[in-house]
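Colleague: You'll find query33.csv just under this line, and it carries CSV, C-alpha atoms.
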chain,number,residue,atom,x,y,z
J,273,MET,CA,0.0,0.0,0.0
J,274,SER,CA,1.3,3.5,-0.9
J,275,THR,CA,2.5,5.7,1.9
J,276,LEU,CA,2.2,8.8,-0.2
J,277,PRO,CA,-0.5,11.4,0.6
J,278,ARG,CA,-3.7,10.6,-1.3
J,279,LEU,CA,-4.2,13.8,-3.4
J,280,CYS,CA,-3.0,17.4,-3.9
J,281,LEU,CA,-5.2,20.0,-5.4
J,282,VAL,CA,-3.2,22.6,-7.2
J,283,SER,CA,-4.0,25.7,-9.2
J,284,GLY,CA,-2.0,28.6,-10.5
J,285,ALA,CA,-1.6,31.4,-13.0
J,286,ASP,CA,0.9,34.2,-13.7
J,287,ARG,CA,-1.1,36.4,-11.2
J,288,ILE,CA,-4.1,36.1,-8.9
J,289,ARG,CA,-7.1,37.1,-11.0
J,290,TYR,CA,-10.1,35.7,-9.1
J,291,ARG,CA,-11.1,34.4,-5.6
J,292,SER,CA,-11.3,30.9,-6.9
J,293,HIS,CA,-8.3,30.0,-4.7
J,294,VAL,CA,-10.6,30.6,-1.7
J,295,ASN,CA,-13.2,28.1,-3.0
J,296,GLN,CA,-10.5,25.6,-3.9
J,297,ALA,CA,-8.6,25.8,-0.6
J,298,VAL,CA,-11.8,25.4,1.4
J,299,TYR,CA,-12.8,22.4,-0.7
J,300,ALA,CA,-9.4,20.8,0.0
J,301,GLN,CA,-9.6,21.5,3.7
J,302,GLU,CA,-13.1,20.1,3.9
J,303,HIS,CA,-12.0,16.8,2.3
J,304,GLY,CA,-8.6,16.4,3.8
J,305,TYR,CA,-6.5,17.1,0.7
J,306,ASP,CA,-3.4,19.3,0.3
J,307,TYR,CA,-3.8,22.5,-1.7
J,308,ARG,CA,-1.3,24.8,-3.5
J,309,PHE,CA,-1.6,27.9,-5.6
J,310,ASP,CA,1.5,28.5,-7.8
J,311,LEU,CA,2.4,31.7,-9.5
J,312,GLY,CA,5.2,30.1,-11.4
J,313,VAL,CA,7.7,32.6,-10.1
J,314,ASN,CA,10.5,30.1,-9.6
J,315,LEU,CA,9.8,27.8,-12.6
J,316,GLY,CA,11.9,29.6,-15.3
J,317,GLY,CA,12.0,28.9,-19.0
J,318,LEU,CA,8.3,29.1,-19.5
J,319,ARG,CA,7.1,29.4,-23.2
J,320,SER,CA,3.7,30.7,-22.0
J,321,HIS,CA,1.5,30.8,-19.0
J,322,PHE,CA,0.1,27.4,-19.9
J,323,ASP,CA,3.5,25.9,-18.9
J,324,ILE,CA,2.9,26.8,-15.3
J,325,LYS,CA,0.3,24.0,-15.1
J,326,LEU,CA,2.6,21.5,-16.7
J,327,ARG,CA,5.8,22.3,-14.7
J,328,VAL,CA,3.9,22.4,-11.4
J,329,LEU,CA,2.4,19.0,-12.2
J,330,GLN,CA,5.8,17.6,-13.0
J,331,ARG,CA,7.2,18.9,-9.7
J,332,LEU,CA,4.3,17.6,-7.5
J,333,GLY,CA,3.5,14.4,-9.3
J,334,PRO,CA,6.1,12.2,-7.5
J,335,LEU,CA,5.0,13.4,-4.1
J,336,TYR,CA,1.4,12.2,-4.1
J,337,GLU,CA,-0.7,9.2,-5.3
J,338,TRP,CA,-2.8,11.7,-7.4
J,339,VAL,CA,-2.4,15.3,-8.3
J,340,MET,CA,-5.4,17.3,-9.5
J,341,TRP,CA,-4.8,20.5,-11.5
J,342,ILE,CA,-7.7,23.0,-11.5
J,343,ASP,CA,-7.6,26.2,-13.5
J,344,ASP,CA,-8.0,29.5,-11.7
J,345,ASP,CA,-11.4,30.0,-13.5
J,346,CYS,CA,-12.8,26.8,-12.0
J,347,TRP,CA,-14.9,26.6,-8.8
J,348,PHE,CA,-16.0,23.5,-6.8
J,349,THR,CA,-19.8,23.5,-6.6
J,350,ASP,CA,-20.6,20.1,-5.1
J,351,PHE,CA,-19.2,19.9,-1.5
J,352,ARG,CA,-20.7,16.6,-0.5
J,353,PRO,CA,-18.3,14.1,0.8
J,354,GLY,CA,-17.2,11.2,-1.4
J,355,ILE,CA,-17.8,12.8,-4.8
J,356,LEU,CA,-14.2,13.3,-5.9
J,357,GLU,CA,-13.2,10.1,-4.1
J,358,ALA,CA,-15.7,8.2,-6.3
J,359,VAL,CA,-13.9,9.6,-9.3
J,360,LEU,CA,-10.5,8.4,-8.0
J,361,GLU,CA,-11.9,5.0,-7.2
J,362,GLU,CA,-13.4,4.5,-10.6
J,363,ALA,CA,-10.2,5.7,-12.2
J,364,THR,CA,-8.3,3.0,-10.2
J,365,GLU,CA,-10.9,0.4,-11.3
J,366,ARG,CA,-10.4,1.4,-14.9
J,367,ASP,CA,-6.6,1.3,-14.4
J,368,ALA,CA,-6.4,4.9,-15.7
J,369,ASP,CA,-3.4,7.1,-14.9
J,370,ILE,CA,-4.8,10.2,-16.6
J,371,VAL,CA,-8.4,11.5,-16.1
J,372,ILE,CA,-9.7,14.4,-18.1
J,373,ALA,CA,-13.3,15.4,-18.9
J,374,ARG,CA,-14.5,15.4,-22.5
J,375,GLY,CA,-15.3,18.8,-23.9
J,376,ALA,CA,-18.9,19.8,-23.3
J,377,ARG,CA,-21.1,20.7,-26.2
J,378,GLU,CA,-21.4,24.4,-26.1
J,379,PRO,CA,-24.7,26.3,-26.6
J,380,ARG,CA,-23.4,27.6,-30.0
J,381,GLY,CA,-22.9,24.0,-31.1
J,382,PHE,CA,-19.1,23.5,-31.0
J,383,SER,CA,-17.2,21.2,-28.7
J,384,SER,CA,-13.6,20.1,-28.0
J,385,PHE,CA,-12.0,16.6,-27.8
J,386,LEU,CA,-11.3,17.3,-24.1
J,387,ASN,CA,-11.0,20.2,-21.7
J,388,SER,CA,-7.7,20.5,-19.8
J,389,GLY,CA,-9.0,23.0,-17.2
J,390,VAL,CA,-9.1,20.1,-14.7
J,391,ILE,CA,-6.6,17.2,-14.9
J,392,LEU,CA,-6.2,14.2,-12.6
J,393,LEU,CA,-2.8,12.5,-12.8
J,394,ARG,CA,-1.7,9.4,-11.0
J,395,ARG,CA,1.9,8.9,-10.1
J,396,SER,CA,2.9,6.9,-13.1
J,397,GLN,CA,5.0,6.6,-16.2
J,398,ALA,CA,2.0,7.6,-18.4
J,399,ALA,CA,1.6,10.9,-16.5
J,400,THR,CA,5.3,11.6,-16.8
J,401,SER,CA,5.3,10.9,-20.5
J,402,LEU,CA,2.3,13.1,-21.1
J,403,LEU,CA,3.9,16.1,-19.3
J,404,GLU,CA,7.2,15.7,-21.0
J,405,GLY,CA,5.5,15.4,-24.4
J,406,VAL,CA,3.3,18.5,-24.0
J,407,LEU,CA,6.2,20.6,-22.7
J,408,THR,CA,8.2,19.9,-25.9
J,409,GLU,CA,5.3,19.8,-28.5
J,410,PRO,CA,5.4,22.9,-30.7
J,411,ILE,CA,1.9,24.4,-31.0
J,412,ASP,CA,2.4,25.1,-34.7
J,413,ASP,CA,3.0,21.4,-35.3
J,414,VAL,CA,-0.2,20.7,-33.4
J,415,GLU,CA,-2.2,23.1,-35.5
J,416,ARG,CA,-0.9,21.5,-38.8
J,417,TRP,CA,-1.9,18.1,-37.4
J,418,TRP,CA,-5.3,19.1,-36.1
J,419,ASP,CA,-8.4,17.7,-37.7
J,420,GLU,CA,-11.3,19.9,-36.5
J,421,GLU,CA,-14.0,17.5,-37.9
J,422,ARG,CA,-12.5,14.7,-35.8
J,423,LEU,CA,-11.2,16.5,-32.8
J,424,GLY,CA,-13.4,19.6,-32.4
J,425,ILE,CA,-12.4,23.2,-32.0
J,426,PHE,CA,-8.7,24.2,-31.9
J,427,THR,CA,-8.0,26.4,-28.9
J,428,HIS,CA,-4.4,27.5,-29.5
J,429,GLY,CA,-3.1,26.2,-26.1
J,430,ASP,CA,-2.0,23.3,-24.0
J,431,GLN,CA,-5.3,21.6,-24.4
J,432,ASP,CA,-4.5,20.9,-28.1
J,433,GLN,CA,-1.0,19.8,-27.3
J,434,ILE,CA,-2.4,17.3,-24.8
J,435,VAL,CA,-4.7,15.8,-27.4
J,436,LYS,CA,-1.8,15.3,-29.8
J,437,VAL,CA,0.6,13.8,-27.3
J,438,LEU,CA,-2.1,11.4,-26.1
J,439,HIS,CA,-2.4,10.2,-29.6
J,440,ASP,CA,1.3,10.2,-30.6
J,441,ARG,CA,2.5,8.5,-27.4
J,442,ASP,CA,-0.3,5.9,-27.3
J,443,LEU,CA,-1.6,7.2,-24.0
J,444,LEU,CA,-5.3,7.1,-24.7
J,445,GLY,CA,-5.4,3.6,-23.3
J,446,ARG,CA,-4.1,5.0,-20.0
J,447,THR,CA,-6.7,7.8,-20.1
J,448,TRP,CA,-10.2,8.0,-18.9
J,449,LEU,CA,-12.2,10.7,-20.7
J,450,THR,CA,-15.0,11.2,-18.3
J,451,ALA,CA,-18.3,13.2,-18.5
J,452,PRO,CA,-17.9,16.9,-17.8
J,453,GLN,CA,-20.2,16.7,-14.8
J,454,ARG,CA,-17.8,14.3,-13.1
J,455,LEU,CA,-14.8,16.6,-13.3
J,456,ASN,CA,-15.1,19.8,-15.3
J,457,SER,CA,-18.5,21.2,-16.2
J,458,ARG,CA,-19.9,24.4,-17.6
J,459,THR,CA,-22.7,26.7,-16.4
J,460,HIS,CA,-25.2,25.6,-19.0
J,461,LEU,CA,-25.0,22.0,-17.8
J,462,TYR,CA,-26.4,23.0,-14.4
J,463,THR,CA,-30.2,22.8,-14.3
J,464,ALA,CA,-31.4,21.9,-10.8
J,465,SER,CA,-28.7,22.7,-8.2
J,466,ALA,CA,-25.0,23.4,-7.6
J,467,GLN,CA,-24.6,19.7,-7.0
J,468,ASP,CA,-25.3,18.9,-10.7
J,469,ALA,CA,-21.5,18.8,-11.2
J,470,LEU,CA,-18.3,18.7,-9.1
J,471,VAL,CA,-16.6,21.7,-10.7
J,472,CYS,CA,-17.9,24.6,-12.8
J,473,HIS,CA,-15.4,26.0,-15.3
J,474,PHE,CA,-16.1,29.6,-16.4
J,475,ALA,CA,-13.9,29.3,-19.5
J,476,GLY,CA,-14.7,31.7,-22.3
J,477,HIS,CA,-16.7,34.1,-20.1
J,478,TYR,CA,-15.8,37.7,-20.9
J,479,ASP,CA,-16.5,38.8,-17.3
J,480,ARG,CA,-16.0,35.7,-15.1
J,481,GLU,CA,-16.6,37.6,-11.9
J,482,LEU,CA,-20.0,38.6,-13.1
J,483,SER,CA,-20.8,35.0,-14.2
J,484,VAL,CA,-19.8,33.8,-10.8
J,485,ALA,CA,-22.0,36.4,-9.1
J,486,TYR,CA,-25.0,35.2,-11.2
J,487,PHE,CA,-24.2,31.5,-10.4
J,488,ALA,CA,-24.0,32.3,-6.7
J,489,ARG,CA,-27.4,34.1,-6.8
J,490,ASP,CA,-29.1,31.3,-8.9
J,491,TYR,CA,-27.9,28.4,-6.7
J,492,HIS,CA,-28.0,30.2,-3.3
J,493,LEU,CA,-24.2,30.1,-2.6
J,494,SER,CA,-21.8,32.5,-1.1
J,495,PRO,CA,-19.9,34.9,-3.4
J,496,ASP,CA,-17.0,32.3,-3.4
J,497,LEU,CA,-19.5,29.6,-4.5
J,498,LEU,CA,-19.3,28.0,-1.0
J,499,PRO,CA,-22.4,26.6,0.7
J,500,TRP,CA,-23.3,29.3,3.2
J,501,GLU,CA,-22.9,27.1,6.2
J,502,VAL,CA,-19.3,26.2,5.0
J,503,ALA,CA,-18.5,29.9,4.4
J,504,ARG,CA,-19.7,30.8,7.9
J,505,ARG,CA,-17.7,28.0,9.5
J,506,TYR,CA,-14.5,29.4,8.0
J,507,GLY,CA,-15.4,33.0,8.8
J,508,ILE,CA,-15.4,34.0,5.1
J,509,THR,CA,-17.5,37.1,4.8
J,510,THR,CA,-17.0,38.1,1.2
J,511,ARG,CA,-19.7,40.6,0.2
J,512,PRO,CA,-21.9,39.8,-2.8
J,513,MET,CA,-21.5,42.0,-5.8
J,514,SER,CA,-23.8,45.0,-5.5
J,515,PRO,CA,-26.8,45.4,-7.9
J,516,ALA,CA,-25.2,48.6,-9.3
J,517,GLU,CA,-21.9,46.8,-10.1
J,518,ILE,CA,-23.8,43.9,-11.6
J,519,ARG,CA,-25.8,46.3,-13.8
J,520,LEU,CA,-22.6,48.1,-15.0
J,521,ARG,CA,-20.8,44.9,-15.7
J,522,GLN,CA,-23.8,43.5,-17.6
J,523,GLU,CA,-23.9,46.6,-19.8
J,524,ARG,CA,-20.2,46.2,-20.6
J,525,ARG,CA,-20.7,42.6,-21.4
J,526,ASP,CA,-23.7,43.3,-23.6
J,527,LEU,CA,-21.6,45.9,-25.5
J,528,ARG,CA,-18.8,43.5,-26.1
J,529,GLY,CA,-21.3,40.9,-27.3
J,530,ARG,CA,-22.5,43.4,-30.0
J,531,LEU,CA,-18.9,44.2,-31.0
J,532,LYS,CA,-17.7,40.5,-31.0
J,533,PRO,CA,-18.7,39.8,-34.7
J,534,TYR,CA,-16.4,42.6,-35.8
J,535,LEU,CA,-13.5,42.0,-33.3
J,536,LYS,CA,-13.2,38.2,-33.8
J,537,PRO,CA,-12.1,38.4,-37.5
J,538,LEU,CA,-9.6,41.0,-36.6
J,539,ARG,CA,-8.2,38.8,-33.8
J,540,ASP,CA,-8.0,35.9,-36.2
J,541,ARG,CA,-6.1,38.0,-38.8
J,542,LEU,CA,-3.6,39.1,-36.1
J,543,ARG,CA,-3.0,35.5,-35.1
J,544,GLU,CA,-2.3,34.6,-38.7
J,545,VAL,CA,0.2,37.5,-39.1
J,546,ARG,CA,2.0,36.4,-35.9
J,547,ARG,CA,2.3,32.8,-37.2
J,548,ARG,CA,3.9,34.0,-40.4
Translate this file's structure into structure tokens.

Modeller:
Amino acid sequence: MSTLPRLCLVSGADRIRYRSHVNQAVYAQEHGYDYRFDLGVNLGGLRSHFDIKLRVLQRLGPLYEWVMWIDDDCWFTDFRPGILEAVLEEATERDADIVIARGAREPRGFSSFLNSGVILLRRSQAATSLLEGVLTEPIDDVERWWDEERLGIFTHGDQDQIVKVLHDRDLLGRTWLTAPQRLNSRTHLYTASAQDALVCHFAGHYDRELSVAYFARDYHLSPDLLPWEVARRYGITTRPMSPAEIRLRQERRDLRGRLKPYLKPLRDRLREVRRR
């Protein structure tokens, strides 16, 4: 039997953008896991902010049975005991070393092969090989290899590199691609309660803080998406976003929505210029 600690939850970014680290740290404390938030200051040699995730996972992987990366725009929403443990147990039964959620079908109809905002890695050669491969995989090579009809939308980041490395290194057999609700869900997949999924990922939201405020209101959670009784137990007294701020943020988001059809082609042209 392993003497290593069971699981470390880890997040990070090149700066602290949101209060998701409060939600994540409380979840870890509630369930007896270690938690770290890494700014990547001492990593060095990073090609992009995506590499923080990969390098941190490399560093922590040997120290735990499992390491779970969770992006800084992800919040735990189901605080019931045993939910994440059930995922770990099923991964063990499936003999999977890598657990990633399939990409959810978005309201506008597109989807991705997987979503790398949450990754579970077991201490294993498969996990080591995945991280080594992604850290050395040029994104331009991935884009040339990409088949959107087969693999879904190309996102220009580590998510696409992970997909290619899983295929190239024959790691799909060591990978469990689970349902989004088990590991990495989206707001539109919640219909009844905050317990509809383990984690809500606010990827692609122009104003994530506004979206979190709406989610907290709709599912009767604290501003950090904690059950109120949990927030009170930890003495967390974050004030909800005021109606005036919500209104101003919504007006700004509406304006961006109207401009998006004109701004997106410009962004795509700039990307093409940079690639050349």

Colleague: With distances taken over all atoms listed in the file, which of J:Arg528, J:Arg374, J:Arg521, J:Arg505 is nearest to J:Asn456?

Modeller: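 Distance minimum relative to J:Asn456 lands on J:Arg374.
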
Colleague: Between atom CA of J:Thr510 and atom CA of J:His321, measure the distance and give it in Å to one decimal.

Modeller: 28.3 Å

Colleague: Residues of stretch 279-396 of chain J within 10 Å of stretch 414-436 of chain J: nearest atom pair and distance (Å, one decimal) for each, counting all atoms listed in the file, sorted by chain and number, as JSON lines?

Modeller:
{"residue": "J:Ser320", "atom": "CA", "partner": "J:Gly429", "partner_atom": "CA", "distance": 9.1}
{"residue": "J:His321", "atom": "CA", "partner": "J:Gly429", "partner_atom": "CA", "distance": 9.6}
{"residue": "J:Phe322", "atom": "CA", "partner": "J:Asp430", "partner_atom": "CA", "distance": 6.2}
{"residue": "J:Asp323", "atom": "CA", "partner": "J:Asp430", "partner_atom": "CA", "distance": 7.9}
{"residue": "J:Lys325", "atom": "CA", "partner": "J:Asp430", "partner_atom": "CA", "distance": 9.2}
{"residue": "J:Leu326", "atom": "CA", "partner": "J:Asp430", "partner_atom": "CA", "distance": 8.8}
{"residue": "J:Gly375", "atom": "CA", "partner": "J:Gly424", "partner_atom": "CA", "distance": 8.7}
{"residue": "J:Arg377", "atom": "CA", "partner": "J:Gly424", "partner_atom": "CA", "distance": 9.9}
{"residue": "J:Phe382", "atom": "CA", "partner": "J:Ile425", "partner_atom": "CA", "distance": 6.8}
{"residue": "J:Ser383", "atom": "CA", "partner": "J:Gly424", "partner_atom": "CA", "distance": 5.5}
{"residue": "J:Ser384", "atom": "CA", "partner": "J:Gly424", "partner_atom": "CA", "distance": 4.4}
{"residue": "J:Phe385", "atom": "CA", "partner": "J:Leu423", "partner_atom": "CA", "distance": 5.1}
{"residue": "J:Leu386", "atom": "CA", "partner": "J:Gln431", "partner_atom": "CA", "distance": 7.4}
{"residue": "J:Asn387", "atom": "CA", "partner": "J:Gln431", "partner_atom": "CA", "distance": 6.5}
{"residue": "J:Ser388", "atom": "CA", "partner": "J:Gln431", "partner_atom": "CA", "distance": 5.3}
{"residue": "J:Gly389", "atom": "CA", "partner": "J:Gln431", "partner_atom": "CA", "distance": 8.2}

Colleague: Work out how far apart atom CA of J:Ile342 and atom CA of J:Ser283 are and give it in Å to one decimal.

Modeller: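 These two atoms are separated by 5.1 Å.
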
Colleague: Write out as a list in words which residues come within 7 Å of stretch 395-406 of chain J when counting only C-alpha atoms, dropping same-chain ones fewer than 6 positions away.

Modeller: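 In the requested format, the answer is Leu326, Gln330, Gly333, Pro334, Tyr336, Glu337, Trp338, Asp369, Ile370, Gln433, Ile434, Val437, Leu438, Leu443 and Arg446 of chain J.
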
Colleague: Calculated over only C-alpha atoms, which of the candidates J:Asp345, J:Asp310, J:Asp479, J:Glu361 has the smallest distance to J:Arg278?

Modeller: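 Ranking J:Asp345, J:Asp310, J:Asp479, J:Glu361 by distance to J:Arg278, first place goes to J:Glu361.
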
Colleague: By how many Å are atom CA of J:Ala368 and atom CA of J:Trp448 apart?

Modeller: 5.9 Å

Colleague: Some atoms are missing, so please complete stretch 327-339 of chain J with N, CA, C and O atoms and return it as a PDB file, keeping the file's coordinate frame.

Modeller:
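File produced: out.pdb:
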ATOM      1  N   ARG J 327       4.560  22.381 -15.569  1.00  0.00           N
ATOM      2  CA  ARG J 327       5.800  22.300 -14.700  1.00  0.00           C
ATOM      3  C   ARG J 327       5.404  22.032 -13.272  1.00  0.00           C
ATOM      4  O   ARG J 327       6.133  21.302 -12.579  1.00  0.00           O
ATOM      5  N   VAL J 328       4.321  22.625 -12.798  1.00  0.00           N
ATOM      6  CA  VAL J 328       3.900  22.400 -11.400  1.00  0.00           C
ATOM      7  C   VAL J 328       3.477  20.909 -11.258  1.00  0.00           C
ATOM      8  O   VAL J 328       3.805  20.256 -10.258  1.00  0.00           O
ATOM      9  N   LEU J 329       2.755  20.384 -12.232  1.00  0.00           N
ATOM     10  CA  LEU J 329       2.400  19.000 -12.200  1.00  0.00           C
ATOM     11  C   LEU J 329       3.591  18.062 -12.204  1.00  0.00           C
ATOM     12  O   LEU J 329       3.628  17.039 -11.504  1.00  0.00           O
ATOM     13  N   GLN J 330       4.597  18.415 -12.983  1.00  0.00           N
ATOM     14  CA  GLN J 330       5.800  17.600 -13.000  1.00  0.00           C
ATOM     15  C   GLN J 330       6.486  17.623 -11.605  1.00  0.00           C
ATOM     16  O   GLN J 330       6.976  16.596 -11.144  1.00  0.00           O
ATOM     17  N   ARG J 331       6.484  18.770 -10.952  1.00  0.00           N
ATOM     18  CA  ARG J 331       7.200  18.900  -9.700  1.00  0.00           C
ATOM     19  C   ARG J 331       6.416  18.155  -8.553  1.00  0.00           C
ATOM     20  O   ARG J 331       7.034  17.526  -7.685  1.00  0.00           O
ATOM     21  N   LEU J 332       5.075  18.211  -8.572  1.00  0.00           N
ATOM     22  CA  LEU J 332       4.300  17.600  -7.500  1.00  0.00           C
ATOM     23  C   LEU J 332       3.952  16.156  -7.718  1.00  0.00           C
ATOM     24  O   LEU J 332       3.678  15.429  -6.768  1.00  0.00           O
ATOM     25  N   GLY J 333       3.964  15.728  -8.986  1.00  0.00           N
ATOM     26  CA  GLY J 333       3.500  14.400  -9.300  1.00  0.00           C
ATOM     27  C   GLY J 333       4.187  13.276  -8.492  1.00  0.00           C
ATOM     28  O   GLY J 333       3.504  12.357  -8.013  1.00  0.00           O
ATOM     29  N   PRO J 334       5.506  13.316  -8.282  1.00  0.00           N
ATOM     30  CA  PRO J 334       6.100  12.200  -7.500  1.00  0.00           C
ATOM     31  C   PRO J 334       5.814  12.235  -6.027  1.00  0.00           C
ATOM     32  O   PRO J 334       6.146  11.275  -5.330  1.00  0.00           O
ATOM     33  N   LEU J 335       5.166  13.282  -5.518  1.00  0.00           N
ATOM     34  CA  LEU J 335       5.000  13.400  -4.100  1.00  0.00           C
ATOM     35  C   LEU J 335       3.620  12.938  -3.582  1.00  0.00           C
ATOM     36  O   LEU J 335       3.383  12.884  -2.369  1.00  0.00           O
ATOM     37  N   TYR J 336       2.722  12.581  -4.502  1.00  0.00           N
ATOM     38  CA  TYR J 336       1.400  12.200  -4.100  1.00  0.00           C
ATOM     39  C   TYR J 336       0.921  10.999  -4.992  1.00  0.00           C
ATOM     40  O   TYR J 336       1.441  10.757  -6.080  1.00  0.00           O
ATOM     41  N   GLU J 337      -0.082  10.281  -4.482  1.00  0.00           N
ATOM     42  CA  GLU J 337      -0.700   9.200  -5.300  1.00  0.00           C
ATOM     43  C   GLU J 337      -1.354   9.887  -6.527  1.00  0.00           C
ATOM     44  O   GLU J 337      -1.222   9.391  -7.650  1.00  0.00           O
ATOM     45  N   TRP J 338      -2.081  10.977  -6.298  1.00  0.00           N
ATOM     46  CA  TRP J 338      -2.800  11.700  -7.400  1.00  0.00           C
ATOM     47  C   TRP J 338      -2.503  13.195  -7.189  1.00  0.00           C
ATOM     48  O   TRP J 338      -2.425  13.700  -6.062  1.00  0.00           O
ATOM     49  N   VAL J 339      -2.407  13.886  -8.308  1.00  0.00           N
ATOM     50  CA  VAL J 339      -2.400  15.300  -8.300  1.00  0.00           C
ATOM     51  C   VAL J 339      -3.512  15.815  -9.221  1.00  0.00           C
ATOM     52  O   VAL J 339      -3.700  15.288 -10.318  1.00  0.00           O
TER      53      VAL J 339
END
